[in-house]
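Have a look at data-v6.txt below; it lists compact mmCIF, C-alpha atoms.
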```txt
# COMPACT_ATOMS: atom_id res chain seq x y z
CA MET A 296 0.00 0.00 0.00
CA SER A 297 1.32 3.42 -0.92
CA LYS A 298 0.42 6.34 1.34
CA PHE A 299 -0.89 8.11 -1.78
CA ASP A 300 -3.33 5.33 -2.74
CA HIS A 301 -6.50 7.17 -1.72
CA ILE A 302 -5.67 10.31 -3.72
CA ARG A 303 -3.63 9.13 -6.72
CA PRO A 304 -4.76 8.33 -10.30
CA PHE A 305 -4.68 4.68 -11.44
CA TYR A 306 -1.35 3.08 -12.17
CA ASP A 307 -1.17 1.88 -15.78
CA SER A 308 -1.36 -1.70 -14.48
CA GLU A 309 -4.83 -0.88 -13.09
CA VAL A 310 -6.20 0.94 -16.13
CA ASN A 311 -7.66 -1.95 -18.10
CA GLU A 312 -9.50 -3.39 -15.12
CA ALA A 313 -10.92 0.07 -14.32
CA ILE A 314 -12.10 0.50 -17.92
CA ARG A 315 -13.76 -2.94 -17.84
CA SER A 316 -15.69 -1.88 -14.71
CA VAL A 317 -17.25 1.17 -16.47
CA VAL A 318 -17.28 0.33 -20.20
CA HIS A 319 -21.03 -0.50 -20.13
CA HIS A 320 -22.00 2.31 -17.75
CA PRO A 321 -24.74 4.60 -19.19
CA MET A 322 -22.52 7.67 -18.65
CA MET A 323 -19.62 6.06 -20.54
CA LYS A 324 -22.04 5.23 -23.35
CA ALA A 325 -23.26 8.85 -23.38
CA LEU A 326 -19.68 10.19 -23.39
CA MET A 327 -18.56 7.90 -26.24
CA SER A 328 -21.73 8.46 -28.30
CA PHE A 329 -21.13 12.20 -27.98
CA THR A 330 -17.43 11.90 -28.87
CA PHE A 331 -17.79 9.39 -31.71
CA PRO A 332 -21.37 9.87 -33.01
CA ASP A 333 -20.76 7.87 -36.20
CA THR A 334 -19.09 4.89 -34.49
CA GLU A 335 -20.93 1.73 -33.44
CA GLU A 336 -20.87 0.90 -29.73
CA GLU A 337 -19.02 -2.39 -30.21
CA VAL A 338 -16.23 -0.52 -32.06
CA TRP A 339 -15.50 2.10 -29.40
CA ALA A 340 -16.09 -0.43 -26.60
CA GLY A 341 -13.63 -2.81 -28.30
CA GLN A 342 -11.02 -0.03 -28.49
CA LEU A 343 -11.56 0.86 -24.84
CA LEU A 344 -11.07 -2.75 -23.80
CA LYS A 345 -7.69 -2.77 -25.58
CA THR A 346 -6.53 0.29 -23.59
CA HIS A 347 -3.86 -0.34 -20.94
CA SER A 348 -2.43 3.11 -20.09
CA LYS A 349 -3.69 6.50 -18.91
CA ARG A 350 -1.88 8.17 -21.79
CA ASP A 351 -3.68 6.01 -24.39
CA PHE A 352 -7.01 6.69 -22.67
CA GLN A 353 -6.37 10.44 -22.66
CA ILE A 354 -5.11 10.64 -26.25
CA ASN A 355 -7.50 8.20 -27.92
CA PHE A 356 -10.68 9.15 -26.05
CA ILE A 357 -10.56 12.24 -23.80
CA TYR A 358 -8.62 14.39 -26.30
CA HIS A 359 -11.34 13.72 -28.91
CA ALA A 360 -14.11 14.34 -26.36
CA VAL A 361 -12.64 17.78 -25.59
CA GLN A 362 -12.34 18.55 -29.32
CA LYS A 363 -16.03 17.67 -29.70
CA VAL A 364 -16.93 19.94 -26.74
CA LEU A 365 -15.03 22.78 -28.43
CA GLU A 366 -16.82 22.11 -31.73
CA LYS A 367 -20.29 22.06 -30.12
CA SER A 368 -20.00 24.79 -27.49
CA SER A 369 -17.34 27.27 -28.60
CA GLU A 370 -15.97 29.27 -31.50
CA GLY A 371 -12.52 27.80 -30.97
CA LEU A 372 -9.53 27.66 -28.66
CA THR A 373 -6.42 29.78 -29.16
CA SER A 374 -3.21 29.67 -27.16
CA SER A 375 0.05 31.50 -26.62
CA GLY A 376 3.34 30.92 -24.79
CA PHE A 377 3.51 27.13 -25.22
CA GLU A 378 6.36 27.28 -27.70
CA LYS A 379 8.61 28.64 -24.89
CA LEU A 380 8.19 25.52 -22.75
CA GLU A 381 10.84 22.81 -23.03
CA LYS A 382 9.73 19.39 -24.20
CA HIS A 383 10.23 16.48 -21.77
CA THR A 384 10.38 18.98 -18.87
CA PRO A 385 7.77 18.78 -16.11
CA TYR A 386 6.26 22.01 -14.79
CA LEU A 387 3.90 23.03 -12.01
CA PHE A 388 1.14 24.98 -13.76
CA ILE A 389 -0.71 27.34 -11.39
CA SER A 390 -3.82 28.61 -13.13
CA ASN A 391 -6.75 30.92 -12.62
CA HIS A 392 -9.87 28.77 -12.28
CA ARG A 393 -13.08 29.35 -14.22
CA ASP A 394 -14.41 25.92 -15.11
CA ILE A 395 -14.29 22.69 -13.09
CA ILE A 396 -13.26 20.30 -15.87
CA LEU A 397 -12.36 22.39 -18.90
CA ASP A 398 -9.56 24.57 -17.49
CA THR A 399 -7.25 21.60 -17.10
CA SER A 400 -8.64 19.61 -20.06
CA LEU A 401 -7.96 22.49 -22.47
CA LEU A 402 -4.47 23.02 -21.06
CA ASN A 403 -3.75 19.34 -21.72
CA VAL A 404 -5.07 19.59 -25.28
CA CYS A 405 -2.58 22.43 -25.89
CA LEU A 406 0.27 20.57 -24.19
CA TYR A 407 -0.39 17.48 -26.31
CA ASP A 408 -0.60 19.55 -29.51
CA TYR A 409 2.78 21.10 -28.69
CA GLY A 410 4.33 17.71 -27.89
CA GLN A 411 4.80 18.55 -24.22
CA ILE A 412 4.20 16.62 -21.00
CA MET A 413 0.52 16.54 -20.03
CA THR A 414 -0.48 17.17 -16.45
CA ALA A 415 -1.72 15.26 -13.48
CA SER A 416 -4.45 17.57 -12.19
CA ALA A 417 -5.92 18.34 -8.79
CA ILE A 418 -9.70 17.84 -8.44
CA GLY A 419 -11.90 18.28 -5.36
CA ASP A 420 -13.29 14.98 -4.05
CA ASN A 421 -16.71 16.70 -3.79
CA LEU A 422 -16.84 16.66 -7.61
CA VAL A 423 -16.37 12.91 -7.98
CA GLN A 424 -18.84 11.54 -5.44
CA LYS A 425 -20.44 9.33 -8.11
CA SER A 426 -18.36 6.16 -8.55
CA PHE A 427 -18.30 6.48 -12.36
CA LEU A 428 -16.91 10.04 -12.15
CA HIS A 429 -14.32 8.90 -9.59
CA THR A 430 -13.13 6.14 -11.94
CA LEU A 431 -13.14 8.47 -14.95
CA SER A 432 -11.14 11.12 -13.07
CA ARG A 433 -8.50 8.54 -12.03
CA LEU A 434 -8.24 7.30 -15.63
CA ASN A 435 -7.77 10.91 -16.72
CA ARG A 436 -4.81 11.39 -14.35
CA ASN A 437 -6.62 13.42 -11.67
CA PHE A 438 -5.56 13.28 -8.04
CA LEU A 439 -7.96 14.11 -5.23
CA VAL A 440 -8.02 17.20 -3.05
CA GLN A 441 -9.91 16.19 0.07
CA ARG A 442 -12.57 18.64 1.21
CA SER A 443 -14.74 18.92 4.35
CA LEU A 444 -12.01 17.87 6.76
CA SER A 445 -11.36 18.88 10.35
CA PRO A 446 -8.41 21.29 10.82
CA ARG A 447 -6.18 18.42 11.98
CA GLU A 448 -7.17 16.17 9.05
CA LEU A 449 -6.73 19.09 6.65
CA LEU A 450 -3.15 19.60 7.81
CA GLN A 451 -2.33 15.91 7.22
CA SER A 452 -4.10 15.95 3.84
CA SER A 453 -2.23 19.09 2.77
CA LYS A 454 1.13 17.56 3.70
CA LEU A 455 0.29 14.43 1.75
CA MET A 456 -0.78 16.36 -1.33
CA SER A 457 2.32 18.56 -1.19
CA GLU A 458 4.53 15.46 -1.06
CA TYR A 459 2.61 13.87 -3.91
CA ILE A 460 2.92 16.94 -6.16
CA TYR A 461 6.66 17.14 -5.46
CA ARG A 462 7.04 13.43 -6.20
CA LEU A 463 5.23 13.80 -9.55
CA VAL A 464 7.37 16.72 -10.73
CA SER A 465 10.74 15.63 -9.32
CA ARG A 466 10.66 11.82 -9.60
CA GLU A 467 7.98 10.85 -12.10
CA ASN A 468 8.73 13.56 -14.70
CA ARG A 469 5.06 14.54 -14.66
CA SER A 470 3.71 18.08 -14.97
CA VAL A 471 1.01 19.11 -12.50
CA TRP A 472 -1.97 21.48 -12.79
CA ILE A 473 -3.40 23.17 -9.72
CA ALA A 474 -5.77 26.12 -9.38
CA GLN A 475 -4.52 29.31 -7.74
CA ARG A 476 -7.44 29.09 -5.28
CA GLU A 477 -9.87 26.61 -3.79
CA GLY A 478 -12.96 26.56 -6.02
CA ARG A 479 -13.70 28.56 -9.14
CA THR A 480 -13.54 32.35 -9.33
CA LYS A 481 -17.16 33.51 -9.00
CA ASP A 482 -16.78 37.27 -9.48
CA GLY A 483 -14.12 37.52 -12.21
CA ASN A 484 -11.41 38.55 -9.71
CA ASP A 485 -8.60 36.03 -10.15
CA ALA A 486 -6.46 36.01 -7.01
CA THR A 487 -3.97 33.49 -5.66
CA GLN A 488 -4.78 32.13 -2.22
CA GLN A 489 -1.70 32.06 -0.02
CA GLY A 490 -3.02 28.82 1.51
CA VAL A 491 -2.43 27.03 -1.82
CA LEU A 492 1.22 28.16 -1.82
CA LYS A 493 1.65 27.19 1.84
CA MET A 494 0.34 23.73 1.00
CA LEU A 495 2.82 23.39 -1.89
CA ALA A 496 5.64 24.55 0.41
CA MET A 497 5.06 21.75 2.94
CA ALA A 498 7.22 19.33 0.95
CA SER A 499 10.17 21.73 0.81
CA ASP A 500 13.53 20.37 1.92
CA GLU A 501 15.34 23.59 1.03
CA GLU A 502 16.70 26.09 3.54
CA ASN A 503 15.03 28.88 1.60
CA LEU A 504 11.52 28.34 0.26
CA MET A 505 12.21 30.23 -2.96
CA ASP A 506 14.91 27.69 -3.90
CA TYR A 507 12.27 24.97 -3.57
CA PHE A 508 9.80 26.86 -5.77
CA ARG A 509 12.52 27.38 -8.38
CA LYS A 510 13.19 23.65 -8.34
CA ILE A 511 9.57 22.71 -9.14
CA LYS A 512 9.37 25.15 -12.08
CA ILE A 513 6.20 27.17 -11.55
CA VAL A 514 4.41 28.37 -14.69
CA PRO A 515 1.45 30.76 -14.21
CA VAL A 516 -1.48 30.08 -16.58
CA SER A 517 -4.21 32.49 -17.64
CA ILE A 518 -7.41 31.11 -19.19
CA SER A 519 -10.33 33.23 -20.38
CA TYR A 520 -13.73 32.41 -21.84
CA GLU A 521 -15.66 34.97 -23.89
CA TYR A 522 -18.87 33.68 -22.31
CA ASP A 523 -18.75 31.98 -18.93
CA PRO A 524 -21.07 28.98 -19.42
CA THR A 525 -21.86 28.92 -15.70
CA ASP A 526 -22.33 32.68 -15.22
CA ALA A 527 -26.01 32.43 -14.20
CA LEU A 528 -25.29 29.47 -11.89
CA LYS A 529 -22.85 31.62 -9.92
CA MET A 530 -25.55 34.20 -9.15
CA PRO A 531 -27.15 32.59 -6.06
CA GLN A 532 -23.77 32.43 -4.33
CA LEU A 533 -22.95 36.04 -5.25
CA MET A 534 -26.40 37.15 -4.05
CA ALA A 535 -25.91 35.38 -0.71
CA LYS A 536 -22.52 37.09 -0.34
CA ALA A 537 -24.10 40.50 -1.13
CA LYS A 538 -26.67 39.89 1.63
CA ASP A 539 -23.98 38.64 4.02
CA GLU A 540 -25.65 35.23 4.16
CA ILE A 541 -24.06 31.77 4.28
CA TYR A 542 -24.53 30.01 0.95
CA ILE A 543 -25.57 26.36 1.07
CA LYS A 544 -25.21 24.32 -2.10
CA GLU A 545 -28.15 22.39 -3.51
CA LYS A 546 -27.90 18.60 -3.76
CA ASN A 547 -26.13 17.70 -7.06
CA GLU A 548 -25.22 21.38 -7.63
CA ASP A 549 -21.55 20.54 -8.34
CA PHE A 550 -22.59 17.95 -10.93
CA THR A 551 -25.03 20.37 -12.63
CA THR A 552 -22.31 23.03 -12.77
CA LEU A 553 -19.82 20.51 -14.14
CA LEU A 554 -22.16 19.56 -17.01
CA SER A 555 -23.13 23.19 -17.71
CA GLY A 556 -19.47 24.17 -17.88
CA ILE A 557 -18.78 21.46 -20.44
CA MET A 558 -21.82 21.93 -22.69
CA GLY A 559 -22.72 25.62 -22.14
CA GLN A 560 -21.87 28.21 -24.81
CA LYS A 561 -18.39 29.71 -24.37
CA LYS A 562 -17.73 31.47 -27.70
CA ARG A 563 -13.95 32.01 -27.91
CA ILE A 564 -11.42 30.66 -25.39
CA HIS A 565 -7.77 31.60 -24.91
CA ILE A 566 -5.03 30.02 -22.80
CA HIS A 567 -1.74 31.77 -22.16
CA VAL A 568 1.17 30.10 -20.37
CA CYS A 569 3.61 32.58 -18.85
CA ASP A 570 7.35 32.19 -18.49
CA VAL A 571 8.71 29.91 -15.77
CA LEU A 572 9.09 31.91 -12.56
CA ASP A 573 12.78 32.18 -11.80
CA SER A 574 14.34 35.66 -11.60
CA GLU A 575 11.19 36.74 -9.71
CA LEU A 576 11.87 34.07 -7.07
CA VAL A 577 15.52 35.07 -6.80
CA LYS A 578 14.38 38.65 -6.18
CA ILE A 579 11.91 37.55 -3.48
CA LYS A 580 14.67 35.53 -1.80
CA GLU A 581 16.96 38.57 -1.80
CA GLU A 582 14.33 41.00 -0.53
CA GLN A 583 12.37 38.91 1.99
CA ASP A 584 13.80 36.71 4.74
CA ASN A 585 10.45 36.00 6.39
CA GLN A 586 8.67 32.94 4.97
CA ASN A 587 5.17 34.42 5.26
CA LYS A 588 6.28 37.55 3.44
CA GLN A 589 7.89 35.38 0.75
CA ILE A 590 4.57 33.53 0.24
CA GLN A 591 2.76 36.87 0.09
CA ALA A 592 5.23 38.18 -2.51
CA LEU A 593 4.94 34.99 -4.58
CA ALA A 594 1.13 35.24 -4.58
CA GLN A 595 1.50 38.78 -5.93
CA VAL A 596 3.94 37.64 -8.65
CA LEU A 597 1.45 34.96 -9.73
CA ASP A 598 -1.42 37.47 -9.76
CA ASP A 599 0.63 39.93 -11.81
CA ALA A 600 1.47 37.24 -14.38
CA ILE A 601 -2.09 35.87 -14.65
CA LEU A 602 -3.91 39.22 -14.70
CA SER A 603 -1.55 41.02 -17.08
CA SER A 604 -1.67 38.17 -19.63
CA TYR A 605 -5.43 37.59 -19.34
CA LYS A 606 -7.11 37.79 -22.76
CA LEU A 607 -9.95 40.33 -22.67
CA TRP A 608 -12.95 39.76 -24.96
CA PRO A 609 -15.63 42.16 -26.27
CA THR A 610 -17.93 40.78 -23.53
CA ASN A 611 -15.56 42.09 -20.83
CA TYR A 612 -15.50 45.62 -22.31
CA ILE A 613 -19.28 45.63 -22.91
CA ALA A 614 -19.96 44.60 -19.31
CA PHE A 615 -17.61 47.32 -18.03
CA ASP A 616 -19.39 50.00 -20.08
CA LEU A 617 -22.87 48.77 -19.08
CA LEU A 618 -21.91 48.54 -15.40
CA HIS A 619 -20.43 52.04 -15.33
CA ASN A 620 -22.92 53.54 -17.81
CA THR A 621 -20.11 54.70 -20.08
CA SER A 622 -18.84 54.18 -23.62
CA GLN A 623 -15.17 54.18 -22.58
CA TYR A 624 -14.40 50.95 -24.44
CA SER A 625 -16.89 51.20 -27.30
CA ASP A 626 -14.04 50.84 -29.81
CA LYS A 627 -13.43 47.31 -28.47
CA TYR A 628 -16.79 45.84 -29.58
CA THR A 629 -19.48 46.17 -32.24
CA GLU A 630 -23.11 47.17 -31.74
CA LYS A 631 -24.11 43.61 -32.69
CA GLU A 632 -21.83 42.13 -29.99
CA LYS A 633 -23.34 44.51 -27.45
CA LEU A 634 -26.90 43.54 -28.40
CA LEU A 635 -26.04 39.83 -28.16
CA PHE A 636 -24.53 40.29 -24.72
CA GLU A 637 -27.52 42.32 -23.50
CA ARG A 638 -29.80 39.57 -24.80
CA ARG A 639 -27.78 37.00 -22.82
CA LEU A 640 -28.11 39.18 -19.72
CA GLU A 641 -31.90 39.36 -20.10
CA MET A 642 -32.26 35.62 -20.69
CA ARG A 643 -30.09 34.46 -17.81
CA ILE A 644 -30.98 36.73 -14.90
CA ASP A 645 -33.72 39.01 -13.56
CA ILE A 646 -32.35 42.34 -14.80
CA GLY A 647 -34.88 44.18 -12.63
CA ASN A 648 -32.89 42.98 -9.62
CA LYS A 649 -30.17 45.63 -9.26
CA VAL A 650 -27.84 43.49 -7.11
CA MET A 651 -28.10 40.56 -9.52
CA ARG A 652 -27.57 42.71 -12.62
CA GLU A 653 -24.52 44.41 -11.10
CA GLY A 654 -23.12 41.08 -9.90
CA PHE A 655 -23.50 39.51 -13.34
CA LEU A 656 -21.90 42.48 -15.11
CA ALA A 657 -19.08 42.74 -12.55
CA MET A 658 -18.18 39.09 -13.19
CA TYR A 659 -17.34 40.05 -16.78
CA ALA A 660 -16.10 43.60 -16.06
CA ASN A 661 -13.64 42.86 -13.23
CA PRO A 662 -10.95 41.41 -15.54
CA VAL A 663 -10.90 44.80 -17.33
CA VAL A 664 -10.52 46.63 -14.01
CA ASN A 665 -7.75 44.22 -12.96
CA LYS A 666 -5.88 44.54 -16.24
CA MET A 667 -6.01 48.38 -16.07
CA LYS A 668 -3.43 48.15 -13.27
CA TYR A 669 -0.80 46.96 -15.75
CA GLN A 670 0.50 49.64 -18.03
CA ASP A 671 0.03 48.87 -21.74
CA ALA A 672 -1.70 45.58 -20.89
CA ILE A 673 -5.05 46.69 -22.37
```
Written as structure tokens, how would this file's structure read?
Amino acid sequence: MSKFDHIRPFYDSEVNEAIRSVVHHPMMKALMSFTFPDTEEEVWAGQLLKTHSKRDFQINFIYHAVQKVLEKSSEGLTSSGFEKLEKHTPYLFISNHRDIILDTSLLNVCLYDYGQIMTASAIGDNLVQKSFLHTLSRLNRNFLVQRSLSPRELLQSSKLMSEYIYRLVSRENRSVWIAQREGRTKDGNDATQQGVLKMLAMASDEENLMDYFRKIKIVPVSISYEYDPTDALKMPQLMAKAKDEIYIKEKNEDFTTLLSGIMGQKKRIHIHVCDVLDSELVKIKEEQDNQNKQIQALAQVLDDAILSSYKLWPTNYIAFDLLHNTSQYSDKYTEKEKLLFERRLEMRIDIGNKVMREGFLAMYANPVVNKMKYQDAI
């Protein structure tokens, strides 16, 4: 028994048995029928049963499923920065987080297209409560982040995950994806939680923390969707926050959000991978000798990289102008784009509710506000 057994993906030696346990599951049938609509069930099932590695499962099935999602629910994925990454080199990708499944799936599509190492990816165990989803996530190289733990259990879980991430990058030559915060950004303000960095630091064996972070090769990632497919679903939580109330999730809410994120309309999507953090970490090491201040400075470096390279869409500028009742960015969009966005607003929320309207618009407008802070970024 490995101490990582309850959080790790399947070993390749376990893959075929796992596939056999779910090949006839209705959700597998739905996924494969969606991905390969012109292929008979016995054909794709036969191919699945010949699969013996996570890589083959990802490349022969999941890659095509993501391509089909892009075809059905977007106007295409563009990317930048990938050509600067070295092939056969593992990285720790720290990303802003907008969609439960797609953020990491789209990153892996780009990594595969550029011939680079795909990631093992962190996923909250609350999202894979159904046994089929748990099996699928382990086949797709996800490792579990345990939620709803007591403070003592959380500390142990964080140490374990930190060790596991370090093991993947340093010993298994595997890149890792992790979100900059727990849970998706609900209000469009992408900010790195220092707790995530403190968790990563737990496995450090270096005298200075910045030397450890240099060793694991951190790459900030910025992903942006022209339309957030779950924008309306985020409203109840934002409304509760506005009223200073505790938000309680509905039963199956995570699953509904997961499906909406995959199949909802996104229009255009862009992923930018930044340069590996290195000179920035040297500077932090020179300027800060206190570990907490170093973590704080690193969080700021990540935010600067993610926010300044965030791709703004017409929807962001339209929302800013509508929210502030201005035409400051009217050169960034057409009248038709504005009408389409206003139509979306009317269809998805009660626009007579001032708090809801402002919350919805702010979700799209905040990336503009955040990017204003960086000279020449807009």
As lines of an AutoDock Vina configuration file, please report the centre and edge lengths, rounded to one decimal in Å, of the axis-aligned box that holds all listed atoms of stretch 638-647 of chain A with 3 Å of padding on each of the six sides.
```
center_x = -31.3
center_y = 39.3
center_z = -18.7
size_x = 13.1
size_y = 15.7
size_z = 18.2
```
Give me, as JSON lines, each residue of stretch 522-612 of chain A that comes within 8 Å of stretch 617-633 of chain A, together with its shortest interatomic pair and the distance in Å at one decimal, counting only C-alpha atoms, with rows ordered by chain and rising residue number.
```
{"residue": "A:Pro609", "atom": "CA", "partner": "A:Tyr628", "partner_atom": "CA", "distance": 5.1}
{"residue": "A:Thr610", "atom": "CA", "partner": "A:Lys633", "partner_atom": "CA", "distance": 7.7}
{"residue": "A:Tyr612", "atom": "CA", "partner": "A:Tyr624", "partner_atom": "CA", "distance": 5.8}
```
message: Given all atoms listed in the file as the basis, pick out the residue of A:His383, A:His392, A:His320, A:Lys544 nearest to A:Trp472.
response: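 That would be A:His392, the residue with the smallest distance to A:Trp472.
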What lies within 8 Å of A:Val514 using only C-alpha atoms, ignoring chain neighbours under 6 positions off, as a CSV table (one decimal) with C-alpha atoms, in the frame of the given file?
```
chain,number,residue,atom,x,y,z
A,386,TYR,CA,6.3,22.0,-14.8
A,387,LEU,CA,3.9,23.0,-12.0
A,388,PHE,CA,1.1,25.0,-13.8
A,389,ILE,CA,-0.7,27.3,-11.4
A,568,VAL,CA,1.2,30.1,-20.4
A,569,CYS,CA,3.6,32.6,-18.8
A,570,ASP,CA,7.4,32.2,-18.5
A,571,VAL,CA,8.7,29.9,-15.8
A,572,LEU,CA,9.1,31.9,-12.6
```
Stretch 305-317 of chain A surroundings by all atoms listed in the file, 7 Å radius, close-in-sequence under 2 positions cut, as an MDAnalysis selection string: chainID A and resid 303 319:320 323 343:344 346:349 427 430 433:434
Mind dumping the selected residues with C-alpha atoms as a PDB file, keeping the file's coordinate frame?
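The resulting part_0.pdb:
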```pdb
ATOM      1  CA  ARG A 303      -3.630   9.130  -6.720  1.00  0.00           C
ATOM      2  CA  HIS A 319     -21.030  -0.500 -20.130  1.00  0.00           C
ATOM      3  CA  HIS A 320     -22.000   2.310 -17.750  1.00  0.00           C
ATOM      4  CA  MET A 323     -19.620   6.060 -20.540  1.00  0.00           C
ATOM      5  CA  LEU A 343     -11.560   0.860 -24.840  1.00  0.00           C
ATOM      6  CA  LEU A 344     -11.070  -2.750 -23.800  1.00  0.00           C
ATOM      7  CA  THR A 346      -6.530   0.290 -23.590  1.00  0.00           C
ATOM      8  CA  HIS A 347      -3.860  -0.340 -20.940  1.00  0.00           C
ATOM      9  CA  SER A 348      -2.430   3.110 -20.090  1.00  0.00           C
ATOM     10  CA  LYS A 349      -3.690   6.500 -18.910  1.00  0.00           C
ATOM     11  CA  PHE A 427     -18.300   6.480 -12.360  1.00  0.00           C
ATOM     12  CA  THR A 430     -13.130   6.140 -11.940  1.00  0.00           C
ATOM     13  CA  ARG A 433      -8.500   8.540 -12.030  1.00  0.00           C
ATOM     14  CA  LEU A 434      -8.240   7.300 -15.630  1.00  0.00           C
TER      15      LEU A 434
END
```
statement: The residue from A:Phe377, A:Phe438, A:Tyr605, A:Tyr522 with the smallest atom-to-atom distance to A:Leu635, counting all atoms listed in the file, is A:Tyr522
- request: List the neighbours of stretch 639-645 of chain A out to 9 Å using only C-alpha atoms; skip same-chain residues closer than 4 positions along the sequence, and give me the result as a ChimeraX atom specification.
  value: /A:526-527,530,634-635,649,651-652,655-656
